[in-house]
file final-v2.cif (mmCIF, C-alpha atoms)
data_query
#
loop_
_atom_site.group_PDB
_atom_site.id
_atom_site.type_symbol
_atom_site.label_atom_id
_atom_site.label_comp_id
_atom_site.auth_asym_id
_atom_site.auth_seq_id
_atom_site.Cartn_x
_atom_site.Cartn_y
_atom_site.Cartn_z
ATOM 1 C CA MET A 23 113.994 104.961 98.507
ATOM 2 C CA GLY A 24 113.434 101.271 99.155
ATOM 3 C CA ALA A 25 110.138 99.546 99.884
ATOM 4 C CA ARG A 26 110.624 99.994 103.631
ATOM 5 C CA MET A 27 111.072 103.739 103.213
ATOM 6 C CA ASP A 28 108.071 104.023 100.900
ATOM 7 C CA GLU A 29 106.000 102.310 103.489
ATOM 8 C CA LEU A 30 107.191 104.607 106.271
ATOM 9 C CA PHE A 31 106.514 107.719 104.262
ATOM 10 C CA ILE A 32 102.969 106.588 103.533
ATOM 11 C CA THR A 33 102.301 105.310 107.049
ATOM 12 C CA THR A 34 103.358 108.704 108.408
ATOM 13 C CA ALA A 35 100.990 110.596 106.109
ATOM 14 C CA VAL A 36 98.078 108.287 106.929
ATOM 15 C CA ALA A 37 98.854 108.575 110.665
ATOM 16 C CA SER A 38 98.470 112.358 110.381
ATOM 17 C CA TRP A 39 94.983 111.950 108.866
ATOM 18 C CA LYS A 40 93.997 109.385 111.488
ATOM 19 C CA GLN A 41 95.105 111.637 114.319
ATOM 20 C CA VAL A 42 92.964 114.524 113.075
ATOM 21 C CA VAL A 43 89.931 112.300 112.404
ATOM 22 C CA ASN A 44 90.244 110.481 115.743
ATOM 23 C CA ARG A 45 90.182 113.757 117.661
ATOM 24 C CA LEU A 46 87.031 114.758 115.819
ATOM 25 C CA ASP A 47 85.511 111.309 116.504
ATOM 26 C CA GLU A 48 86.055 111.759 120.223
ATOM 27 C CA ARG A 49 84.570 115.242 120.173
ATOM 28 C CA PHE A 50 81.530 114.266 118.076
ATOM 29 C CA ALA A 51 80.781 111.213 120.250
ATOM 30 C CA LEU A 52 80.524 113.385 123.372
ATOM 31 C CA LEU A 53 78.035 115.880 121.917
ATOM 32 C CA ASP A 54 74.269 115.412 121.968
ATOM 33 C CA HIS A 55 71.664 117.049 119.736
ATOM 34 C CA GLU A 56 71.348 120.115 121.930
ATOM 35 C CA GLN A 57 75.085 120.670 122.348
ATOM 36 C CA LEU A 58 75.545 120.368 118.581
ATOM 37 C CA GLN A 59 73.290 123.410 118.110
ATOM 38 C CA LYS A 60 75.944 125.630 119.701
ATOM 39 C CA GLN A 61 77.732 128.042 117.427
ATOM 40 C CA VAL A 62 81.525 128.244 117.385
ATOM 41 C CA ALA A 63 81.204 132.027 117.881
ATOM 42 C CA PRO A 64 78.265 134.468 117.804
ATOM 43 C CA ASN A 65 76.478 134.172 114.424
ATOM 44 C CA LYS A 66 78.961 131.611 113.156
ATOM 45 C CA ASN A 67 78.417 127.976 112.156
ATOM 46 C CA ARG A 68 76.845 125.478 114.534
ATOM 47 C CA LEU A 69 78.929 122.474 115.561
ATOM 48 C CA LEU A 70 76.357 120.290 113.798
ATOM 49 C CA TYR A 71 76.852 122.189 110.555
ATOM 50 C CA LEU A 72 80.613 121.723 110.733
ATOM 51 C CA PHE A 73 80.296 117.975 111.374
ATOM 52 C CA GLY A 74 77.815 117.727 108.477
ATOM 53 C CA HIS A 75 80.188 119.755 106.310
ATOM 54 C CA LEU A 76 83.203 117.575 107.117
ATOM 55 C CA THR A 77 81.173 114.395 106.527
ATOM 56 C CA ALA A 78 80.019 115.634 103.105
ATOM 57 C CA VAL A 79 83.500 116.855 102.099
ATOM 58 C CA HIS A 80 85.062 113.554 103.167
ATOM 59 C CA ASP A 81 82.321 111.650 101.307
ATOM 60 C CA ARG A 82 83.383 113.498 98.148
ATOM 61 C CA MET A 83 86.895 112.127 98.652
ATOM 62 C CA LEU A 84 85.639 108.608 97.813
ATOM 63 C CA PRO A 85 85.231 109.253 94.065
ATOM 64 C CA MET A 86 88.054 111.843 94.007
ATOM 65 C CA LEU A 87 90.549 109.282 95.279
ATOM 66 C CA GLY A 88 89.120 106.488 93.123
ATOM 67 C CA ILE A 89 87.927 104.564 96.177
ATOM 68 C CA GLY A 90 84.294 104.203 95.151
ATOM 69 C CA GLU A 91 80.897 105.832 94.805
ATOM 70 C CA ARG A 92 79.678 108.415 97.275
ATOM 71 C CA LEU A 93 77.834 107.096 100.304
ATOM 72 C CA HIS A 94 76.021 110.253 101.486
ATOM 73 C CA PRO A 95 75.317 112.788 98.725
ATOM 74 C CA GLU A 96 72.135 113.774 100.648
ATOM 75 C CA LEU A 97 74.291 115.953 102.910
ATOM 76 C CA ASP A 98 75.609 118.318 100.219
ATOM 77 C CA GLU A 99 72.717 120.712 99.910
ATOM 78 C CA ALA A 100 72.510 121.470 103.629
ATOM 79 C CA TYR A 101 76.210 121.298 104.482
ATOM 80 C CA ILE A 102 78.199 122.292 101.392
ATOM 81 C CA THR A 103 76.031 124.208 98.914
ATOM 82 C CA ASN A 104 74.290 126.394 101.486
ATOM 83 C CA PRO A 105 75.366 128.263 104.601
ATOM 84 C CA ASP A 106 74.274 127.141 108.043
ATOM 85 C CA ARG A 107 70.634 127.536 109.117
ATOM 86 C CA THR A 108 69.240 128.084 105.604
ATOM 87 C CA ILE A 109 68.236 124.446 104.956
ATOM 88 C CA ALA A 110 66.786 122.032 107.532
ATOM 89 C CA ASP A 111 69.233 119.396 108.775
ATOM 90 C CA PRO A 112 68.580 116.488 106.392
ATOM 91 C CA VAL A 113 69.329 113.626 108.800
ATOM 92 C CA SER A 114 69.164 112.978 112.543
ATOM 93 C CA VAL A 115 72.218 113.396 114.748
ATOM 94 C CA THR A 116 72.368 109.618 115.167
ATOM 95 C CA ASP A 117 72.404 109.131 111.398
ATOM 96 C CA LEU A 118 74.996 111.874 110.902
ATOM 97 C CA LYS A 119 77.280 110.277 113.482
ATOM 98 C CA ARG A 120 76.887 106.955 111.679
ATOM 99 C CA ALA A 121 77.609 108.558 108.281
ATOM 100 C CA TRP A 122 80.703 110.325 109.665
ATOM 101 C CA SER A 123 82.140 107.040 110.957
ATOM 102 C CA GLU A 124 81.212 105.106 107.832
ATOM 103 C CA VAL A 125 82.773 107.608 105.414
ATOM 104 C CA ASN A 126 86.023 107.985 107.350
ATOM 105 C CA ALA A 127 86.346 104.213 107.823
ATOM 106 C CA ALA A 128 85.914 103.713 104.054
ATOM 107 C CA ILE A 129 88.647 106.278 103.311
ATOM 108 C CA THR A 130 91.093 105.049 105.930
ATOM 109 C CA SER A 131 90.796 101.373 105.024
ATOM 110 C CA ALA A 132 91.166 102.146 101.292
ATOM 111 C CA VAL A 133 94.194 104.441 101.615
ATOM 112 C CA GLU A 134 95.907 101.942 103.904
ATOM 113 C CA ARG A 135 95.922 99.626 100.890
ATOM 114 C CA PHE A 136 97.232 102.279 98.437
ATOM 115 C CA SER A 137 100.673 101.566 96.984
ATOM 116 C CA ALA A 138 103.193 104.383 96.538
ATOM 117 C CA ALA A 139 102.201 104.481 92.852
ATOM 118 C CA ASP A 140 98.492 104.753 93.779
ATOM 119 C CA TRP A 141 99.183 107.821 95.920
ATOM 120 C CA LEU A 142 100.834 109.584 93.005
ATOM 121 C CA LYS A 143 98.022 108.898 90.524
ATOM 122 C CA LYS A 144 95.885 111.811 89.453
ATOM 123 C CA HIS A 145 92.783 112.482 91.491
ATOM 124 C CA ASN A 146 89.452 112.342 89.665
ATOM 125 C CA ALA A 147 88.626 116.061 89.712
ATOM 126 C CA ILE A 148 91.454 117.004 87.355
ATOM 127 C CA SER A 149 91.833 116.378 83.604
ATOM 128 C CA ASP A 150 94.600 114.200 82.126
ATOM 129 C CA GLU A 151 95.943 117.297 80.422
ATOM 130 C CA ASP A 152 96.159 119.415 83.574
ATOM 131 C CA PHE A 153 97.663 116.520 85.494
ATOM 132 C CA SER A 154 100.387 116.009 82.875
ATOM 133 C CA LYS A 155 101.341 119.669 83.405
ATOM 134 C CA ASP A 156 101.334 119.402 87.199
ATOM 135 C CA PRO A 157 101.857 115.898 88.636
ATOM 136 C CA THR A 158 101.720 117.217 92.207
ATOM 137 C CA ARG A 159 97.918 117.393 91.777
ATOM 138 C CA ASN A 160 97.773 113.765 92.854
ATOM 139 C CA ARG A 161 95.800 111.781 95.411
ATOM 140 C CA LEU A 162 98.271 112.548 98.176
ATOM 141 C CA ALA A 163 97.741 116.283 97.591
ATOM 142 C CA VAL A 164 93.967 115.858 98.018
ATOM 143 C CA PHE A 165 94.477 113.747 101.127
ATOM 144 C CA LEU A 166 96.819 116.286 102.790
ATOM 145 C CA SER A 167 94.533 119.136 101.782
ATOM 146 C CA ARG A 168 91.501 117.448 103.378
ATOM 147 C CA THR A 169 93.514 116.707 106.525
ATOM 148 C CA ASN A 170 94.334 120.417 106.758
ATOM 149 C CA HIS A 171 90.695 121.294 106.087
ATOM 150 C CA ALA A 172 89.561 119.071 108.966
ATOM 151 C CA SER A 173 92.185 120.717 111.225
ATOM 152 C CA PHE A 174 90.940 124.163 110.160
ATOM 153 C CA HIS A 175 87.385 123.389 111.312
ATOM 154 C CA THR A 176 88.611 121.594 114.453
ATOM 155 C CA GLY A 177 90.253 124.878 115.458
ATOM 156 C CA GLN A 178 86.838 126.532 115.201
ATOM 157 C CA MET A 179 84.980 123.800 117.071
ATOM 158 C CA VAL A 180 87.176 124.073 120.149
ATOM 159 C CA LEU A 181 85.983 127.674 120.568
ATOM 160 C CA ALA A 182 82.382 126.612 121.252
ATOM 161 C CA LYS A 183 81.514 126.688 124.923
ATOM 162 C CA MET B 6 109.469 103.835 94.308
ATOM 163 C CA GLY B 7 112.098 105.392 92.057
ATOM 164 C CA ALA B 8 113.866 108.702 92.545
ATOM 165 C CA ARG B 9 111.216 110.516 90.496
ATOM 166 C CA MET B 10 108.441 109.162 92.719
ATOM 167 C CA ASP B 11 110.341 110.008 95.894
ATOM 168 C CA GLU B 12 110.676 113.518 94.677
ATOM 169 C CA LEU B 13 106.974 113.825 93.857
ATOM 170 C CA PHE B 14 105.925 112.485 97.222
ATOM 171 C CA ILE B 15 108.121 114.999 99.002
ATOM 172 C CA THR B 16 107.228 117.899 96.721
ATOM 173 C CA THR B 17 103.553 117.226 97.424
ATOM 174 C CA ALA B 18 104.041 117.265 101.201
ATOM 175 C CA VAL B 19 106.102 120.467 101.056
ATOM 176 C CA ALA B 20 103.487 122.077 98.768
ATOM 177 C CA SER B 21 100.846 121.431 101.432
ATOM 178 C CA TRP B 22 102.958 123.270 104.037
ATOM 179 C CA LYS B 23 103.649 126.146 101.648
ATOM 180 C CA GLN B 24 99.970 126.561 100.839
ATOM 181 C CA VAL B 25 99.035 126.868 104.514
ATOM 182 C CA VAL B 26 101.923 129.239 105.301
ATOM 183 C CA ASN B 27 101.288 131.391 102.213
ATOM 184 C CA ARG B 28 97.663 131.941 103.190
ATOM 185 C CA LEU B 29 98.783 133.047 106.636
ATOM 186 C CA ASP B 30 101.428 135.326 105.060
ATOM 187 C CA GLU B 31 98.775 137.082 103.016
ATOM 188 C CA ARG B 32 96.507 137.485 106.011
ATOM 189 C CA PHE B 33 99.267 138.748 108.331
ATOM 190 C CA ALA B 34 100.541 141.268 105.740
ATOM 191 C CA LEU B 35 97.110 142.911 105.518
ATOM 192 C CA LEU B 36 96.680 143.437 109.273
ATOM 193 C CA ASP B 37 97.982 146.460 111.170
ATOM 194 C CA HIS B 38 98.699 146.769 114.892
ATOM 195 C CA GLU B 39 95.140 147.725 115.747
ATOM 196 C CA GLN B 40 93.502 144.994 113.680
ATOM 197 C CA LEU B 41 95.819 142.424 115.253
ATOM 198 C CA GLN B 42 94.328 143.269 118.672
ATOM 199 C CA LYS B 43 91.009 141.742 117.591
ATOM 200 C CA GLN B 44 90.022 138.491 119.239
ATOM 201 C CA VAL B 45 88.918 135.506 117.184
ATOM 202 C CA ALA B 46 85.804 135.295 119.395
ATOM 203 C CA PRO B 47 84.734 137.011 122.634
ATOM 204 C CA ASN B 48 87.377 136.392 125.336
ATOM 205 C CA LYS B 49 89.464 134.230 122.999
ATOM 206 C CA ASN B 50 92.980 134.792 121.657
ATOM 207 C CA ARG B 51 93.915 137.952 119.783
ATOM 208 C CA LEU B 52 95.091 137.565 116.187
ATOM 209 C CA LEU B 53 98.466 138.915 117.319
ATOM 210 C CA TYR B 54 98.775 136.180 119.932
ATOM 211 C CA LEU B 55 98.055 133.492 117.348
ATOM 212 C CA PHE B 56 100.645 134.886 114.922
ATOM 213 C CA GLY B 57 103.169 135.083 117.781
ATOM 214 C CA HIS B 58 102.257 131.531 118.793
ATOM 215 C CA LEU B 59 102.691 130.150 115.266
ATOM 216 C CA THR B 60 106.003 131.992 114.847
ATOM 217 C CA ALA B 61 107.338 130.553 118.119
ATOM 218 C CA VAL B 62 106.087 127.025 117.372
ATOM 219 C CA HIS B 63 107.602 127.133 113.885
ATOM 220 C CA ASP B 64 110.862 128.499 115.336
ATOM 221 C CA ARG B 65 111.011 125.391 117.531
ATOM 222 C CA MET B 66 110.867 123.269 114.372
ATOM 223 C CA LEU B 67 114.395 124.441 113.434
ATOM 224 C CA PRO B 68 116.180 122.367 116.091
ATOM 225 C CA MET B 69 113.502 119.628 116.037
ATOM 226 C CA LEU B 70 114.089 118.991 112.333
ATOM 227 C CA GLY B 71 117.870 119.353 112.634
ATOM 228 C CA ILE B 72 117.867 122.517 110.520
ATOM 229 C CA GLY B 73 119.681 124.756 112.986
ATOM 230 C CA GLU B 74 119.517 126.814 116.150
ATOM 231 C CA ARG B 75 116.395 128.740 117.097
ATOM 232 C CA LEU B 76 116.113 132.268 115.740
ATOM 233 C CA HIS B 77 113.460 133.733 118.079
ATOM 234 C CA PRO B 78 113.317 132.088 121.513
ATOM 235 C CA GLU B 79 112.257 135.495 122.931
ATOM 236 C CA LEU B 80 108.691 134.765 121.773
ATOM 237 C CA ASP B 81 108.105 131.644 123.877
ATOM 238 C CA GLU B 82 107.202 133.200 127.190
ATOM 239 C CA ALA B 83 104.496 135.464 125.767
ATOM 240 C CA TYR B 84 103.166 133.167 123.036
ATOM 241 C CA ILE B 85 103.699 129.558 124.146
ATOM 242 C CA THR B 86 104.230 129.337 127.910
ATOM 243 C CA ASN B 87 101.509 131.798 128.871
ATOM 244 C CA PRO B 88 97.970 132.490 127.698
ATOM 245 C CA ASP B 89 97.092 135.651 125.793
ATOM 246 C CA ARG B 90 97.100 139.015 127.585
ATOM 247 C CA THR B 91 99.097 137.838 130.611
ATOM 248 C CA ILE B 92 102.534 138.943 129.348
ATOM 249 C CA ALA B 93 103.269 142.112 127.355
ATOM 250 C CA ASP B 94 103.944 141.523 123.654
ATOM 251 C CA PRO B 95 107.743 141.153 123.556
ATOM 252 C CA VAL B 96 108.333 142.622 120.089
ATOM 253 C CA SER B 97 106.677 145.154 117.776
ATOM 254 C CA VAL B 98 104.279 144.053 115.048
ATOM 255 C CA THR B 99 106.916 144.954 112.445
ATOM 256 C CA ASP B 100 109.477 142.745 114.157
ATOM 257 C CA LEU B 101 106.982 139.895 114.582
ATOM 258 C CA LYS B 102 106.113 140.030 110.880
ATOM 259 C CA ARG B 103 109.819 139.914 110.071
ATOM 260 C CA ALA B 104 110.387 136.973 112.459
ATOM 261 C CA TRP B 105 107.423 135.074 110.967
ATOM 262 C CA SER B 106 108.819 135.411 107.439
ATOM 263 C CA GLU B 107 112.373 134.620 108.507
ATOM 264 C CA VAL B 108 111.453 131.451 110.400
ATOM 265 C CA ASN B 109 109.202 130.050 107.686
ATOM 266 C CA ALA B 110 111.738 130.850 104.953
ATOM 267 C CA ALA B 111 114.425 129.000 106.942
ATOM 268 C CA ILE B 112 112.193 125.928 107.294
ATOM 269 C CA THR B 113 110.973 125.877 103.708
ATOM 270 C CA SER B 114 114.401 126.305 102.148
ATOM 271 C CA ALA B 115 115.897 123.611 104.412
ATOM 272 C CA VAL B 116 113.164 121.004 103.857
ATOM 273 C CA GLU B 117 113.300 121.573 100.108
ATOM 274 C CA ARG B 118 116.840 120.201 100.322
ATOM 275 C CA PHE B 119 115.909 117.179 102.491
ATOM 276 C CA SER B 120 116.426 113.797 100.842
ATOM 277 C CA ALA B 121 113.875 111.025 101.319
ATOM 278 C CA ALA B 122 116.202 109.543 103.952
ATOM 279 C CA ASP B 123 116.402 112.908 105.772
ATOM 280 C CA TRP B 124 112.599 113.036 106.068
ATOM 281 C CA LEU B 125 112.531 109.647 107.737
ATOM 282 C CA LYS B 126 115.232 110.448 110.309
ATOM 283 C CA LYS B 127 114.159 110.848 113.897
ATOM 284 C CA HIS B 128 113.257 114.333 115.019
ATOM 285 C CA ASN B 129 115.286 115.811 117.860
ATOM 286 C CA ALA B 130 112.620 115.733 120.560
ATOM 287 C CA ILE B 131 112.541 111.935 120.759
ATOM 288 C CA SER B 132 115.117 109.508 122.184
ATOM 289 C CA ASP B 133 116.928 106.928 120.056
ATOM 290 C CA GLU B 134 115.212 104.235 122.066
ATOM 291 C CA ASP B 135 111.675 105.554 121.519
ATOM 292 C CA PHE B 136 112.399 106.145 117.852
ATOM 293 C CA SER B 137 113.607 102.570 117.360
ATOM 294 C CA LYS B 138 110.243 101.407 118.750
ATOM 295 C CA ASP B 139 108.237 103.760 116.542
ATOM 296 C CA PRO B 140 109.966 104.934 113.338
ATOM 297 C CA THR B 141 106.893 106.939 112.287
ATOM 298 C CA ARG B 142 107.990 109.558 114.843
ATOM 299 C CA ASN B 143 110.185 111.071 112.145
ATOM 300 C CA ARG B 144 110.722 114.546 110.715
ATOM 301 C CA LEU B 145 107.886 114.166 108.242
ATOM 302 C CA ALA B 146 105.494 113.453 111.136
ATOM 303 C CA VAL B 147 106.547 116.708 112.848
ATOM 304 C CA PHE B 148 106.218 118.623 109.600
ATOM 305 C CA LEU B 149 102.688 117.314 108.872
ATOM 306 C CA SER B 150 101.675 117.886 112.479
ATOM 307 C CA ARG B 151 102.821 121.520 112.364
ATOM 308 C CA THR B 152 101.033 122.025 109.042
ATOM 309 C CA ASN B 153 97.830 120.795 110.689
ATOM 310 C CA HIS B 154 98.494 123.011 113.707
ATOM 311 C CA ALA B 155 98.809 126.079 111.472
ATOM 312 C CA SER B 156 95.543 125.096 109.722
ATOM 313 C CA PHE B 157 93.845 124.708 113.112
ATOM 314 C CA HIS B 158 94.678 128.300 114.097
ATOM 315 C CA THR B 159 93.913 129.630 110.597
ATOM 316 C CA GLY B 160 90.380 128.317 111.080
ATOM 317 C CA GLN B 161 90.127 130.440 114.224
ATOM 318 C CA MET B 162 91.628 133.560 112.638
ATOM 319 C CA VAL B 163 89.041 133.683 109.858
ATOM 320 C CA LEU B 164 86.335 134.127 112.513
ATOM 321 C CA ALA B 165 87.690 137.526 113.603
ATOM 322 C CA LYS B 166 85.709 140.392 112.163
#

call {"tool": "encode", "arguments": {"input": "final-v2.cif", "output": "structure tokens"}}
result
Amino acid sequence: MGARMDELFITTAVASWKQVVNRLDERFALLDHEQLQKQVAPNKNRLLYLFGHLTAVHDRMLPMLGIGERLHPELDEAYITNPDRTIADPVSVTDLKRAWSEVNAAITSAVERFSAADWLKKHNAISDEDFSKDPTRNRLAVFLSRTNHASFHTGQMVLAK
Amino acid sequence: MGARMDELFITTAVASWKQVVNRLDERFALLDHEQLQKQVAPNKNRLLYLFGHLTAVHDRMLPMLGIGERLHPELDEAYITNPDRTIADPVSVTDLKRAWSEVNAAITSAVERFSAADWLKKHNAISDEDFSKDPTRNRLAVFLSRTNHASFHTGQMVLAK
């Protein structure tokens, strides 16, 4: 396809990510500390845990997509390595909201500058050898996978009262 | 980008859809009629409703993406128009499982034959005029949106005991 078609393909994929992240932004902004303690269902994750989890997972996209160093590795232990309510929340709600916005802004502004060739480069969690065997394990694959992951947890969040 | 890059871009997007649908396939196959009556959380949708809903929504993709006529419009009233448990389930679990597989197979096999230009055509639920104003409202946008939608409900399904 020509340059115009390339651009449309990429713009469409980035728009899908933005739509999912923007809905989460709106939801997160409306919730205070107390509301974020609610669980999505009895004995399931708190809303705060899921926002911490998504922030940490998106932060890991920065090195994976070759955008830059991680901004918030301090969230991993509480929100990726361990299940909810086993480790104290490592940052305040205000700081988590700031981290969430900062991480997603860094990703969005970087991927908006990716060329078509950049999107098809290998991501940084796969070896050269594995990538040569399967070139679909590229940056676009990670990006679509994380967009689906955010949608997956959004589906859970809407169940909280 | 060249033809090889086009192909990779498209293969990656279709792989994302297949991954989400395959996980749902595996889950649906393991559940019997009784297990499908479980709700994802107290007073929330039954698993059966969500599988009916996803089947009906995916069936609507056939005309939207220009693939063909709908195969299972009989599911809409129970699984799209109305909330769960207001209308009797219109088909047996066996028939719903068959419809789910049939609809997704029709979509996957059709989109695997789409050219790059096909992906960027307007979808059939938008006017020519609106599409000329916003060419990102194309078939790829619908496809990514439905992939996210399926992920959203998958996140809810995993909460059911």

call {"tool": "resolve_selection", "arguments": {"input": "final-v2.cif", "expression": "the PyMOL selection byres ((chain B) within 9 of (chain A))", "output": "short mmCIF file (atom, residue, chain, number, x, y, z; two decimals) with C-alpha atoms, in the frame of the given file"}}
result
data_model
loop_
_atom_site.label_atom_id
_atom_site.label_comp_id
_atom_site.auth_asym_id
_atom_site.auth_seq_id
_atom_site.Cartn_x
_atom_site.Cartn_y
_atom_site.Cartn_z
CA MET B 6 109.47 103.84 94.31
CA GLY B 7 112.10 105.39 92.06
CA ALA B 8 113.87 108.70 92.54
CA MET B 10 108.44 109.16 92.72
CA ASP B 11 110.34 110.01 95.89
CA LEU B 13 106.97 113.82 93.86
CA PHE B 14 105.92 112.48 97.22
CA THR B 16 107.23 117.90 96.72
CA THR B 17 103.55 117.23 97.42
CA ALA B 18 104.04 117.26 101.20
CA ALA B 20 103.49 122.08 98.77
CA SER B 21 100.85 121.43 101.43
CA VAL B 25 99.04 126.87 104.51
CA VAL B 45 88.92 135.51 117.18
CA ALA B 46 85.80 135.29 119.40
CA PRO B 47 84.73 137.01 122.63
CA LYS B 49 89.46 134.23 123.00
CA ALA B 121 113.88 111.02 101.32
CA ALA B 122 116.20 109.54 103.95
CA TRP B 124 112.60 113.04 106.07
CA LEU B 125 112.53 109.65 107.74
CA PRO B 140 109.97 104.93 113.34
CA THR B 141 106.89 106.94 112.29
CA ARG B 142 107.99 109.56 114.84
CA ASN B 143 110.18 111.07 112.14
CA LEU B 145 107.89 114.17 108.24
CA ALA B 146 105.49 113.45 111.14
CA LEU B 149 102.69 117.31 108.87
CA SER B 150 101.68 117.89 112.48
CA THR B 152 101.03 122.02 109.04
CA ASN B 153 97.83 120.80 110.69
CA HIS B 154 98.49 123.01 113.71
CA ALA B 155 98.81 126.08 111.47
CA SER B 156 95.54 125.10 109.72
CA PHE B 157 93.84 124.71 113.11
CA HIS B 158 94.68 128.30 114.10
CA THR B 159 93.91 129.63 110.60
CA GLY B 160 90.38 128.32 111.08
CA GLN B 161 90.13 130.44 114.22
CA MET B 162 91.63 133.56 112.64
CA LEU B 164 86.34 134.13 112.51
#

call {"tool": "atom_distance", "arguments": {"input": "final-v2.cif", "atom1": "atom CA of B:Asp30", "atom2": "atom CA of B:Gln42"}}
result
17.3 Å

call {"tool": "residues_near_point", "arguments": {"input": "final-v2.cif", "point": "(78.2, 116.4, 117.1)", "cutoff": "9 Å", "atoms": "all atoms listed in the file", "output": "PyMOL selection string"}}
result
chain A and resi 47+49-55+57-59+69-74+115+118-119

call {"tool": "atom_distance", "arguments": {"input": "final-v2.cif", "atom1": "atom CA of A:Asn65", "atom2": "atom CA of B:Arg90"}}
result
24.9 Å

call {"tool": "residues_around", "arguments": {"input": "final-v2.cif", "residues": "B:Thr60", "least_positions_apart": "4", "cutoff": "12 Å", "atoms": "only C-alpha atoms", "output": "NGL selection string"}}
result
:B and (26 or 29-30 or 33 or 53-56 or 64-67 or 75-81 or 83-85 or 100-112 or 151 or 154-155 or 158)

call {"tool": "residues_around", "arguments": {"input": "final-v2.cif", "residues": "A:Lys155", "least_positions_apart": "6", "cutoff": "12 Å", "atoms": "all atoms listed in the file", "output": "list of chain:residue names"}}
result
A:Lys144, A:Ile148, A:Ser149

call {"tool": "atom_distance", "arguments": {"input": "final-v2.cif", "atom1": "atom CA of B:Asp135", "atom2": "atom CA of A:Ala132"}}
result
29.0 Å

call {"tool": "axis_aligned_box", "arguments": {"input": "final-v2.cif", "around": "stretch 14-29 of chain B", "padding_each_side": "8 Å", "output": "lines of an AutoDock Vina configuration file"}}
result
center_x = 102.9
center_y = 122.8
center_z = 101.7
size_x = 26.5
size_y = 36.6
size_z = 25.9

call {"tool": "decode", "arguments": {"input": "final-v2.cif", "residues": "stretch 43-54 of chain B", "atoms": "N, CA, C and O atoms", "output": "compact mmCIF listing (two decimals), in the first residue's frame"}}
result
# COMPACT_ATOMS: atom_id res chain seq x y z
N LYS B 43 -24.28 -19.96 35.31
CA LYS B 43 -23.60 -19.17 36.35
C LYS B 43 -23.48 -17.71 35.91
O LYS B 43 -23.28 -17.41 34.74
N GLN B 44 -23.57 -16.83 36.91
CA GLN B 44 -23.43 -15.41 36.64
C GLN B 44 -21.98 -14.99 36.91
O GLN B 44 -21.32 -15.56 37.78
N VAL B 45 -21.53 -13.98 36.18
CA VAL B 45 -20.13 -13.56 36.35
C VAL B 45 -19.91 -12.91 37.72
O VAL B 45 -18.80 -12.90 38.24
N ALA B 46 -20.99 -12.37 38.29
CA ALA B 46 -20.97 -11.81 39.65
C ALA B 46 -22.43 -11.77 40.08
O ALA B 46 -23.33 -11.91 39.25
N PRO B 47 -22.70 -11.60 41.39
CA PRO B 47 -24.09 -11.63 41.83
C PRO B 47 -24.96 -10.62 41.05
O PRO B 47 -24.59 -9.45 40.92
N ASN B 48 -26.08 -11.14 40.52
CA ASN B 48 -27.02 -10.31 39.75
C ASN B 48 -26.46 -9.73 38.46
O ASN B 48 -27.00 -8.75 37.93
N LYS B 49 -25.39 -10.31 37.95
CA LYS B 49 -24.82 -9.87 36.67
C LYS B 49 -25.14 -10.93 35.61
O LYS B 49 -25.78 -11.94 35.90
N ASN B 50 -24.69 -10.69 34.39
CA ASN B 50 -25.00 -11.59 33.28
C ASN B 50 -24.54 -13.04 33.49
O ASN B 50 -23.46 -13.27 34.04
N ARG B 51 -25.36 -13.97 32.99
CA ARG B 51 -24.93 -15.37 32.96
C ARG B 51 -23.85 -15.55 31.88
O ARG B 51 -23.83 -14.81 30.88
N LEU B 52 -23.02 -16.56 32.05
CA LEU B 52 -22.05 -16.90 31.01
C LEU B 52 -22.76 -17.16 29.68
O LEU B 52 -22.29 -16.72 28.62
N LEU B 53 -23.89 -17.84 29.73
CA LEU B 53 -24.63 -18.14 28.50
C LEU B 53 -25.05 -16.86 27.78
O LEU B 53 -24.96 -16.77 26.55
N TYR B 54 -25.51 -15.89 28.55
CA TYR B 54 -25.91 -14.61 27.94
C TYR B 54 -24.72 -13.97 27.23
O TYR B 54 -24.83 -13.48 26.11
